$ cat entry-v1.csv   # CSV, C-alpha atoms and all ligand atoms
chain,number,residue,atom,x,y,z
A,1083,MET,CA,-37.2,14.7,-7.9
A,1084,GLN,CA,-36.6,12.9,-11.2
A,1085,ASN,CA,-34.9,16.0,-12.4
A,1086,ASP,CA,-32.7,16.3,-9.4
A,1087,ILE,CA,-31.2,12.8,-9.9
A,1088,ASP,CA,-30.7,13.4,-13.6
A,1089,VAL,CA,-28.9,16.7,-13.3
A,1090,LEU,CA,-27.3,16.9,-9.9
A,1091,SER,CA,-23.8,15.5,-9.6
A,1092,ILE,CA,-23.1,12.3,-7.5
A,1093,SER,CA,-21.3,14.4,-4.9
A,1094,ARG,CA,-24.2,16.8,-4.6
A,1095,ILE,CA,-26.6,14.0,-3.9
A,1096,ALA,CA,-24.2,12.2,-1.6
A,1097,LYS,CA,-24.1,15.4,0.5
A,1098,ASN,CA,-27.9,15.4,0.6
A,1099,PHE,CA,-28.7,11.8,1.1
A,1100,ASP,CA,-32.5,12.4,1.6
A,1101,ILE,CA,-33.0,13.3,-2.0
A,1102,PHE,CA,-31.6,9.9,-3.0
A,1103,VAL,CA,-33.5,8.0,-0.4
A,1104,ASN,CA,-36.8,9.6,-1.5
A,1105,TYR,CA,-36.1,8.9,-5.1
A,1106,CYS,CA,-35.3,5.3,-4.5
A,1107,GLU,CA,-38.4,5.0,-2.2
A,1108,ASP,CA,-40.5,6.0,-5.2
A,1109,LYS,CA,-38.9,3.3,-7.3
A,1110,LYS,CA,-39.0,0.5,-4.9
A,1111,ASN,CA,-41.7,-1.4,-6.9
A,1112,ASP,CA,-39.8,-0.9,-10.2
A,1113,VAL,CA,-37.7,-3.7,-11.6
A,1114,GLY,CA,-34.3,-3.2,-10.0
A,1115,HIS,CA,-32.0,-5.4,-12.1
A,1116,THR,CA,-31.4,-6.8,-15.6
A,1117,PHE,CA,-29.7,-10.1,-16.5
A,1118,HIS,CA,-26.6,-9.3,-18.5
A,1119,SER,CA,-24.8,-12.6,-19.5
A,1120,ASN,CA,-23.3,-15.8,-18.2
A,1121,ILE,CA,-19.5,-16.1,-18.6
A,1122,ALA,CA,-18.9,-19.4,-16.8
A,1123,SER,CA,-17.6,-21.2,-19.9
A,1124,THR,CA,-15.1,-18.5,-20.9
A,1125,ASP,CA,-11.4,-18.3,-20.4
A,1126,LEU,CA,-11.9,-14.9,-18.9
A,1127,TYR,CA,-13.9,-16.4,-16.1
A,1128,LYS,CA,-11.3,-19.2,-15.6
A,1129,ASN,CA,-8.7,-16.4,-15.2
A,1130,ILE,CA,-10.9,-14.5,-12.7
A,1131,LYS,CA,-11.4,-17.7,-10.7
A,1132,GLU,CA,-7.7,-18.4,-10.6
A,1133,MET,CA,-6.9,-14.9,-9.5
A,1134,ILE,CA,-9.4,-15.3,-6.6
A,1135,GLN,CA,-7.3,-18.0,-5.0
A,1136,THR,CA,-4.6,-15.4,-4.3
A,1137,ILE,CA,-6.9,-12.9,-2.5
A,1138,ASP,CA,-6.5,-11.8,1.1
A,1139,TYR,CA,-9.8,-10.5,2.6
A,1140,ASN,CA,-10.5,-7.7,5.0
A,1141,GLU,CA,-13.3,-7.8,7.5
A,1142,MET,CA,-16.0,-5.2,7.4
A,1143,TYR,CA,-19.5,-4.8,8.8
A,1144,PHE,CA,-22.6,-3.3,7.3
A,1145,CYS,CA,-23.3,-1.2,10.3
A,1146,LYS,CA,-20.0,0.5,10.0
A,1147,SER,CA,-20.5,1.4,6.3
A,1148,TYR,CA,-22.9,4.2,7.2
A,1149,SER,CA,-20.5,6.0,9.5
A,1150,GLU,CA,-21.0,9.5,7.8
A,1151,LYS,CA,-22.8,11.9,10.1
A,1152,ASP,CA,-25.6,12.6,7.6
A,1153,HIS,CA,-26.5,8.9,7.4
A,1154,ASN,CA,-26.6,8.2,11.1
A,1155,LYS,CA,-30.4,8.5,11.3
A,1156,HIS,CA,-30.6,5.8,8.5
A,1157,MET,CA,-28.2,3.6,10.4
A,1158,ASP,CA,-30.1,3.9,13.6
A,1159,GLN,CA,-33.1,2.1,12.2
A,1160,TYR,CA,-30.9,-0.9,11.3
A,1161,GLN,CA,-29.5,-1.1,14.8
A,1162,LYS,CA,-32.9,-0.7,16.3
A,1163,HIS,CA,-33.9,-3.8,14.4
A,1164,GLY,CA,-31.0,-5.8,15.7
A,1165,TYR,CA,-28.4,-5.5,13.0
A,1166,GLY,CA,-24.9,-5.0,14.3
A,1167,LYS,CA,-21.4,-6.3,14.2
A,1168,ALA,CA,-22.4,-9.8,15.2
A,1169,ASN,CA,-24.6,-10.5,12.2
A,1170,THR,CA,-23.5,-8.1,9.4
A,1171,ARG,CA,-19.9,-9.4,8.8
A,1172,MET,CA,-18.5,-9.4,5.2
A,1173,LEU,CA,-15.1,-10.4,4.0
A,1174,ARG,CA,-14.1,-8.0,1.3
A,1175,SER,CA,-11.2,-7.3,-1.0
A,1176,GLU,CA,-10.8,-4.4,-3.4
A,1177,ILE,CA,-9.4,-5.8,-6.7
A,1178,ALA,CA,-9.8,-3.1,-9.3
A,1179,GLY,CA,-6.0,-2.8,-9.9
A,1180,VAL,CA,-5.6,-6.5,-10.8
A,1181,PRO,CA,-4.9,-6.8,-14.6
A,1182,VAL,CA,-7.5,-9.5,-15.3
A,1183,ILE,CA,-10.2,-7.5,-13.5
A,1184,GLU,CA,-9.2,-4.2,-15.0
A,1185,ASP,CA,-9.4,-5.7,-18.5
A,1186,PHE,CA,-12.8,-7.3,-17.7
A,1187,MET,CA,-14.2,-4.0,-16.4
A,1188,GLN,CA,-13.0,-1.8,-19.2
A,1189,ASN,CA,-13.5,-4.2,-22.2
A,1190,TYR,CA,-16.3,-6.5,-21.3
A,1191,LEU,CA,-18.5,-4.4,-19.0
A,1192,LYS,CA,-17.5,-1.1,-20.6
A,1193,LEU,CA,-16.9,0.6,-17.3
A,1194,LYS,CA,-14.5,3.5,-16.9
A,1195,HIS,CA,-13.2,4.8,-13.5
A,1196,GLY,CA,-14.2,1.3,-12.3
A,1197,ARG,CA,-14.1,-0.1,-8.8
A,1198,ALA,CA,-14.3,-3.9,-8.1
A,1199,LYS,CA,-14.7,-5.7,-4.8
A,1200,ILE,CA,-15.0,-9.3,-3.9
A,1201,ASN,CA,-17.7,-9.9,-1.3
A,1202,SER,CA,-17.5,-13.2,0.6
A,1203,GLN,CA,-20.3,-13.4,3.1
A,1204,PRO,CA,-19.8,-15.9,5.9
A,1205,PRO,CA,-22.7,-18.1,7.2
A,1206,GLY,CA,-25.1,-16.4,9.6
A,1207,ASN,CA,-24.7,-12.9,8.2
A,1208,PHE,CA,-27.0,-10.3,6.6
A,1209,PHE,CA,-26.5,-7.2,4.5
A,1210,PRO,CA,-30.0,-5.8,5.3
A,1211,VAL,CA,-32.0,-4.0,2.7
A,1212,HIS,CA,-30.3,-0.8,1.6
A,1213,ILE,CA,-29.4,1.5,-1.3
A,1214,ASP,CA,-25.9,2.3,-2.5
A,1215,TYR,CA,-25.2,5.9,-2.3
A,1216,LEU,CA,-21.7,5.5,-3.8
A,1217,ALA,CA,-19.8,6.6,-0.8
A,1218,GLY,CA,-16.7,4.5,-1.6
A,1219,TRP,CA,-16.5,5.4,-5.2
A,1220,THR,CA,-17.1,9.1,-4.3
A,1221,LYS,CA,-14.2,9.0,-1.8
A,1222,GLN,CA,-11.9,7.5,-4.4
A,1223,ASN,CA,-13.0,9.8,-7.2
A,1224,PRO,CA,-14.0,13.1,-5.7
A,1225,GLY,CA,-13.4,15.1,-8.9
A,1226,LEU,CA,-15.4,12.6,-11.0
A,1227,ALA,CA,-18.2,12.6,-8.5
A,1228,GLU,CA,-18.6,16.3,-9.2
A,1229,GLN,CA,-18.8,15.6,-12.9
A,1230,TYR,CA,-21.1,12.6,-13.3
A,1231,THR,CA,-24.8,11.8,-12.3
A,1232,TYR,CA,-26.3,8.7,-10.7
A,1233,PRO,CA,-27.9,7.5,-13.9
A,1234,GLN,CA,-24.5,7.4,-15.6
A,1235,PHE,CA,-23.3,5.0,-12.9
A,1236,LYS,CA,-23.5,1.2,-13.4
A,1237,ARG,CA,-23.1,-1.7,-11.1
A,1238,TYR,CA,-22.7,-5.3,-12.1
A,1239,ILE,CA,-22.7,-8.4,-9.9
A,1240,LEU,CA,-20.8,-11.5,-11.0
A,1241,PHE,CA,-21.8,-14.6,-9.0
A,1242,LEU,CA,-18.9,-16.9,-8.4
A,1243,ASP,CA,-20.9,-20.0,-7.3
A,1244,ASN,CA,-24.2,-21.6,-7.9
A,1245,ARG,CA,-26.9,-20.3,-5.5
A,1246,SER,CA,-27.1,-22.8,-2.7
A,1247,ASN,CA,-29.8,-23.6,-0.2
A,1248,GLY,CA,-29.7,-20.6,2.2
A,1249,HIS,CA,-27.9,-18.1,-0.1
A,1250,PHE,CA,-30.1,-15.1,-0.8
A,1251,TYR,CA,-29.6,-12.0,-3.0
A,1252,SER,CA,-32.7,-9.9,-3.4
A,1253,ILE,CA,-33.1,-6.7,-5.6
A,1254,ASN,CA,-36.3,-4.6,-5.3
A,1255,ASN,CA,-38.1,-7.6,-3.9
A,1256,ASN,CA,-36.9,-10.1,-6.6
A,1257,LEU,CA,-34.9,-13.0,-5.3
A,1258,ILE,CA,-32.1,-13.5,-7.9
A,1259,ASP,CA,-32.1,-17.1,-9.1
A,1260,TYR,CA,-28.5,-17.1,-10.2
A,1261,VAL,CA,-26.0,-19.8,-11.3
A,1262,GLU,CA,-22.2,-19.6,-11.4
A,1263,GLY,CA,-20.9,-17.1,-13.9
A,1264,ASP,CA,-24.1,-15.1,-14.1
A,1265,ILE,CA,-23.7,-11.3,-14.4
A,1266,VAL,CA,-26.6,-9.1,-13.3
A,1267,GLU,CA,-26.9,-5.4,-13.7
A,1268,GLN,CA,-28.2,-3.9,-10.5
A,1269,HIS,CA,-29.8,-0.5,-11.2
A,1270,PHE,CA,-28.5,2.4,-9.2
A,1271,TYR,CA,-31.9,3.1,-7.5
A,1272,SER,CA,-32.5,-0.4,-6.3
A,1273,TRP,CA,-33.1,-1.6,-2.7
A,1274,HIS,CA,-31.2,-4.8,-2.2
A,1275,ALA,CA,-30.3,-7.2,0.6
A,1276,THR,CA,-28.3,-10.4,1.0
A,1277,ALA,CA,-28.1,-13.1,3.5
A,1278,ASN,CA,-26.3,-16.4,4.1
A,1279,GLY,CA,-28.2,-19.2,5.9
A,1280,ASP,CA,-26.0,-21.9,4.5
A,1281,LEU,CA,-22.8,-23.4,6.0
A,1282,LYS,CA,-20.4,-22.1,3.3
A,1283,ASN,CA,-19.5,-18.5,2.3
A,1284,LYS,CA,-21.5,-16.8,-0.4
A,1285,ILE,CA,-19.1,-15.2,-2.9
A,1286,LEU,CA,-19.5,-12.6,-5.7
A,1287,ILE,CA,-17.7,-9.7,-7.3
A,1288,ALA,CA,-19.4,-6.3,-7.5
A,1289,PHE,CA,-18.1,-4.0,-10.3
A,1290,GLU,CA,-19.1,-0.4,-10.5
A,1291,GLY,CA,-18.2,2.7,-12.5
A,1292,ILE,CA,-19.2,5.0,-15.2
A,1293,HIS,CA,-20.6,3.3,-18.3
A,1294,ASN,CA,-18.5,4.0,-21.4
A,1295,ASP,CA,-21.2,4.4,-24.0
A,1301,FE,FE,-25.3,-2.5,-1.7
$ encode --input "entry-v1.csv" --output "structure tokens"
Amino acid sequence: MQNDIDVLSISRIAKNFDIFVNYCEDKKNDVGHTFHSNIASTDLYKNIKEMIQTIDYNEMYFCKSYSEKDHNKHMDQYQKHGYGKANTRMLRSEIAGVPVIEDFMQNYLKLKHGRAKINSQPPGNFFPVHIDYLAGWTKQNPGLAEQYTYPQFKRYILFLDNRSNGHFYSINNNLIDYVEGDIVEQHFYSWHATANGDLKNKILIAFEGIHND
């Protein structure tokens, strides 16, 4: 199974989701993240924060994100446990084309073919524990998904606020104790979940793409 993930393209695995689920299941007790850096005091961060004031968000729901037929059986289990439209709401905006973000992805995070989205989670909502099978990136980059493997894919989370009482972000059973400006690398195989039990939105940016090393 190790070998499958190392050699099969992202698109091959995405078409046979069970291989990826089983692989991640085996890794669920591994460390799922690495602290990267804190950029809160940089001009770069100031520019990102300024840019965010101009963003319009779209509404999405976790339970809709697994709409592909192959993944329905995985989605069923979430619905069985009570997750649905009423408690998995997320406000989201894709911002990869914005110059300050593009520059940050390419030159600071060293990501090529990058995708970036702001996630603003309103109070009372969950993103229940899941793995990212790269559906969005694969849809945007079908040719590249034939070419690259999961281990070549990186994801970074930039937290835009200090963690407040009731804000949760958990990766492979580690609660991330972040402060504003922290960047965490979230490993591709990790199971992760977020929740917001505070009274204000929880906001972060997720960057993903192929590492340019
Ligand atoms: Fe995720």
$ residues_near_ligand --input "entry-v1.csv" --ligand "ligand FE 1301 (chain A)" --cutoff "7 Å" --atoms "all atoms listed in the file" --output "list in words"
His1212, Ile1213, Asp1214 and His1274 of chain A
$ write_last_selection --input "entry-v1.csv" --atoms "C-alpha atoms" --output "compact mmCIF listing (two decimals), in the frame of the given file"
# COMPACT_ATOMS: atom_id res chain seq x y z
CA HIS A 1212 -30.30 -0.80 1.60
CA ILE A 1213 -29.40 1.50 -1.30
CA ASP A 1214 -25.90 2.30 -2.50
CA HIS A 1274 -31.20 -4.80 -2.20
$ residues_around --input "entry-v1.csv" --residues "Ala1288 of chain A" --least-positions-apart "4" --cutoff "9 Å" --atoms "all atoms listed in the file" --output "ChimeraX atom specification"
/A:1197-1201,1237-1241
$ closest_residue --input "entry-v1.csv" --among "A:Asn1254, A:Asn1140, A:Asn1294, A:Asn1129" --to "Gln1268 of chain A" --atoms "all atoms listed in the file"
A:Asn1254
$ atom_distance --input "entry-v1.csv" --atom1 "atom CA of Ser1091 of chain A" --atom2 "atom CA of Ala1227 of chain A"
6.4 Å
$ residues_around --input "entry-v1.csv" --residues "segment 1187-1193 of chain A" --least-positions-apart "4" --cutoff "12 Å" --atoms "only C-alpha atoms" --output "NGL selection string"
:A and (1118-1119 or 1121 or 1126-1127 or 1130 or 1177-1183 or 1197-1199 or 1234-1240 or 1265-1267 or 1287-1295)
$ atom_distance --input "entry-v1.csv" --atom1 "atom CA of Phe1270 of chain A" --atom2 "atom CA of Leu1257 of chain A"
17.1 Å
$ closest_residue --input "entry-v1.csv" --among "A:Ser1272, A:Asn1255, A:Glu1228, A:Met1142" --to "Lys1097 of chain A" --atoms "all atoms listed in the file"
A:Glu1228
$ residues_around --input "entry-v1.csv" --residues "Ser1246 of chain A" --least-positions-apart "2" --cutoff "10 Å" --atoms "all atoms listed in the file" --output "list in words"
Asp1243, Asn1244, Gly1248, His1249, Phe1250, Asp1259, Tyr1260, Val1261, Asn1278, Gly1279, Asp1280, Leu1281, Lys1282 and Lys1284 of chain A
$ atom_distance --input "entry-v1.csv" --atom1 "atom CA of Glu1184 of chain A" --atom2 "atom CA of Ile1258 of chain A"
25.7 Å
$ closest_residue --input "entry-v1.csv" --among "A:His1163, A:Ser1123, A:Leu1226, A:Gly1114" --to "Ser1252 of chain A" --atoms "only C-alpha atoms"
A:Gly1114
$ closest_residue --input "entry-v1.csv" --among "A:Thr1276, A:Thr1136, A:Glu1262, A:Tyr1271" --to "Thr1124 of chain A" --atoms "all atoms listed in the file"
A:Glu1262
$ closest_residue --input "entry-v1.csv" --among "A:Asn1256, A:Val1103, A:Thr1220, A:Leu1286" --to "His1115 of chain A" --atoms "all atoms listed in the file"
A:Asn1256
$ residues_around --input "entry-v1.csv" --residues "Asp1138 of chain A" --least-positions-apart "2" --cutoff "10 Å" --atoms "all atoms listed in the file" --output "count of residues only"
8
$ residues_around --input "entry-v1.csv" --residues "Pro1224 of chain A" --least-positions-apart "6" --cutoff "12 Å" --atoms "only C-alpha atoms" --output "MDAnalysis selection string"
chainID A and resid 1091:1094 1096 1195 1216:1218 1230
$ closest_residue --input "entry-v1.csv" --among "A:Lys1128, A:His1269, A:Lys1109, A:Arg1171" --to "Pro1233 of chain A" --atoms "all atoms listed in the file"
A:His1269
$ build_atoms --input "entry-v1.csv" --residues "segment 1153-1185 of chain A" --atoms "N, CA and C atoms" --output "PDB file, keeping the file's coordinate frame"
ATOM      1  N   HIS A1153     -25.754  10.202   7.564  1.00  0.00           N
ATOM      2  CA  HIS A1153     -26.500   8.900   7.400  1.00  0.00           C
ATOM      3  C   HIS A1153     -26.782   8.237   8.676  1.00  0.00           C
ATOM      4  N   ASN A1154     -26.398   8.868   9.783  1.00  0.00           N
ATOM      5  CA  ASN A1154     -26.600   8.200  11.100  1.00  0.00           C
ATOM      6  C   ASN A1154     -28.042   7.844  11.343  1.00  0.00           C
ATOM      7  N   LYS A1155     -28.936   8.752  10.950  1.00  0.00           N
ATOM      8  CA  LYS A1155     -30.400   8.500  11.300  1.00  0.00           C
ATOM      9  C   LYS A1155     -30.853   7.255  10.482  1.00  0.00           C
ATOM     10  N   HIS A1156     -30.250   7.015   9.294  1.00  0.00           N
ATOM     11  CA  HIS A1156     -30.600   5.800   8.500  1.00  0.00           C
ATOM     12  C   HIS A1156     -30.044   4.572   9.184  1.00  0.00           C
ATOM     13  N   MET A1157     -28.825   4.735   9.699  1.00  0.00           N
ATOM     14  CA  MET A1157     -28.200   3.600  10.400  1.00  0.00           C
ATOM     15  C   MET A1157     -28.903   3.197  11.631  1.00  0.00           C
ATOM     16  N   ASP A1158     -29.415   4.194  12.344  1.00  0.00           N
ATOM     17  CA  ASP A1158     -30.100   3.900  13.600  1.00  0.00           C
ATOM     18  C   ASP A1158     -31.205   2.899  13.453  1.00  0.00           C
ATOM     19  N   GLN A1159     -31.936   3.020  12.334  1.00  0.00           N
ATOM     20  CA  GLN A1159     -33.100   2.100  12.200  1.00  0.00           C
ATOM     21  C   GLN A1159     -32.612   0.652  12.043  1.00  0.00           C
ATOM     22  N   TYR A1160     -31.445   0.422  11.440  1.00  0.00           N
ATOM     23  CA  TYR A1160     -30.900  -0.900  11.300  1.00  0.00           C
ATOM     24  C   TYR A1160     -30.560  -1.480  12.714  1.00  0.00           C
ATOM     25  N   GLN A1161     -29.890  -0.614  13.464  1.00  0.00           N
ATOM     26  CA  GLN A1161     -29.500  -1.100  14.800  1.00  0.00           C
ATOM     27  C   GLN A1161     -30.680  -1.335  15.684  1.00  0.00           C
ATOM     28  N   LYS A1162     -31.706  -0.522  15.517  1.00  0.00           N
ATOM     29  CA  LYS A1162     -32.900  -0.700  16.300  1.00  0.00           C
ATOM     30  C   LYS A1162     -33.558  -2.085  16.007  1.00  0.00           C
ATOM     31  N   HIS A1163     -33.376  -2.555  14.785  1.00  0.00           N
ATOM     32  CA  HIS A1163     -33.900  -3.800  14.400  1.00  0.00           C
ATOM     33  C   HIS A1163     -32.986  -5.018  14.651  1.00  0.00           C
ATOM     34  N   GLY A1164     -31.876  -4.752  15.306  1.00  0.00           N
ATOM     35  CA  GLY A1164     -31.000  -5.800  15.700  1.00  0.00           C
ATOM     36  C   GLY A1164     -29.813  -6.133  14.857  1.00  0.00           C
ATOM     37  N   TYR A1165     -29.623  -5.318  13.794  1.00  0.00           N
ATOM     38  CA  TYR A1165     -28.400  -5.500  13.000  1.00  0.00           C
ATOM     39  C   TYR A1165     -27.240  -4.860  13.624  1.00  0.00           C
ATOM     40  N   GLY A1166     -26.117  -5.561  13.621  1.00  0.00           N
ATOM     41  CA  GLY A1166     -24.900  -5.000  14.300  1.00  0.00           C
ATOM     42  C   GLY A1166     -23.711  -5.821  13.831  1.00  0.00           C
ATOM     43  N   LYS A1167     -22.656  -5.654  14.605  1.00  0.00           N
ATOM     44  CA  LYS A1167     -21.400  -6.300  14.200  1.00  0.00           C
ATOM     45  C   LYS A1167     -21.486  -7.804  14.207  1.00  0.00           C
ATOM     46  N   ALA A1168     -22.326  -8.342  15.070  1.00  0.00           N
ATOM     47  CA  ALA A1168     -22.400  -9.800  15.200  1.00  0.00           C
ATOM     48  C   ALA A1168     -23.046 -10.503  14.026  1.00  0.00           C
ATOM     49  N   ASN A1169     -23.851  -9.772  13.252  1.00  0.00           N
ATOM     50  CA  ASN A1169     -24.600 -10.500  12.200  1.00  0.00           C
ATOM     51  C   ASN A1169     -24.525  -9.768  10.814  1.00  0.00           C
ATOM     52  N   THR A1170     -23.599  -8.804  10.666  1.00  0.00           N
ATOM     53  CA  THR A1170     -23.500  -8.100   9.400  1.00  0.00           C
ATOM     54  C   THR A1170     -22.024  -8.175   8.851  1.00  0.00           C
ATOM     55  N   ARG A1171     -21.360  -9.262   9.136  1.00  0.00           N
ATOM     56  CA  ARG A1171     -19.900  -9.400   8.800  1.00  0.00           C
ATOM     57  C   ARG A1171     -19.812  -9.718   7.272  1.00  0.00           C
ATOM     58  N   MET A1172     -18.815  -9.113   6.647  1.00  0.00           N
ATOM     59  CA  MET A1172     -18.500  -9.400   5.200  1.00  0.00           C
ATOM     60  C   MET A1172     -17.009  -9.431   5.076  1.00  0.00           C
ATOM     61  N   LEU A1173     -16.494 -10.416   4.352  1.00  0.00           N
ATOM     62  CA  LEU A1173     -15.100 -10.400   4.000  1.00  0.00           C
ATOM     63  C   LEU A1173     -14.953  -9.799   2.634  1.00  0.00           C
ATOM     64  N   ARG A1174     -14.068  -8.832   2.517  1.00  0.00           N
ATOM     65  CA  ARG A1174     -14.100  -8.000   1.300  1.00  0.00           C
ATOM     66  C   ARG A1174     -12.648  -7.728   0.857  1.00  0.00           C
ATOM     67  N   SER A1175     -12.472  -7.658  -0.456  1.00  0.00           N
ATOM     68  CA  SER A1175     -11.200  -7.300  -1.000  1.00  0.00           C
ATOM     69  C   SER A1175     -11.390  -6.384  -2.224  1.00  0.00           C
ATOM     70  N   GLU A1176     -10.692  -5.272  -2.269  1.00  0.00           N
ATOM     71  CA  GLU A1176     -10.800  -4.400  -3.400  1.00  0.00           C
ATOM     72  C   GLU A1176      -9.768  -4.899  -4.470  1.00  0.00           C
ATOM     73  N   ILE A1177     -10.235  -5.160  -5.691  1.00  0.00           N
ATOM     74  CA  ILE A1177      -9.400  -5.800  -6.700  1.00  0.00           C
ATOM     75  C   ILE A1177      -9.297  -5.091  -8.002  1.00  0.00           C
ATOM     76  N   ALA A1178      -9.698  -3.822  -8.010  1.00  0.00           N
ATOM     77  CA  ALA A1178      -9.800  -3.100  -9.300  1.00  0.00           C
ATOM     78  C   ALA A1178      -8.398  -3.020  -9.986  1.00  0.00           C
ATOM     79  N   GLY A1179      -7.311  -2.995  -9.234  1.00  0.00           N
ATOM     80  CA  GLY A1179      -6.000  -2.800  -9.900  1.00  0.00           C
ATOM     81  C   GLY A1179      -5.449  -4.114 -10.513  1.00  0.00           C
ATOM     82  N   VAL A1180      -6.071  -5.253 -10.251  1.00  0.00           N
ATOM     83  CA  VAL A1180      -5.600  -6.500 -10.800  1.00  0.00           C
ATOM     84  C   VAL A1180      -5.806  -6.573 -12.299  1.00  0.00           C
ATOM     85  N   PRO A1181      -4.771  -6.866 -13.113  1.00  0.00           N
ATOM     86  CA  PRO A1181      -4.900  -6.800 -14.600  1.00  0.00           C
ATOM     87  C   PRO A1181      -6.127  -7.486 -15.165  1.00  0.00           C
ATOM     88  N   VAL A1182      -6.383  -8.710 -14.754  1.00  0.00           N
ATOM     89  CA  VAL A1182      -7.500  -9.500 -15.300  1.00  0.00           C
ATOM     90  C   VAL A1182      -8.847  -8.780 -15.042  1.00  0.00           C
ATOM     91  N   ILE A1183      -8.933  -8.178 -13.880  1.00  0.00           N
ATOM     92  CA  ILE A1183     -10.200  -7.500 -13.500  1.00  0.00           C
ATOM     93  C   ILE A1183     -10.323  -6.165 -14.197  1.00  0.00           C
ATOM     94  N   GLU A1184      -9.211  -5.446 -14.289  1.00  0.00           N
ATOM     95  CA  GLU A1184      -9.200  -4.200 -15.000  1.00  0.00           C
ATOM     96  C   GLU A1184      -9.639  -4.349 -16.448  1.00  0.00           C
ATOM     97  N   ASP A1185      -9.085  -5.371 -17.062  1.00  0.00           N
ATOM     98  CA  ASP A1185      -9.400  -5.700 -18.500  1.00  0.00           C
ATOM     99  C   ASP A1185     -10.882  -6.050 -18.605  1.00  0.00           C
TER     100      ASP A1185
END
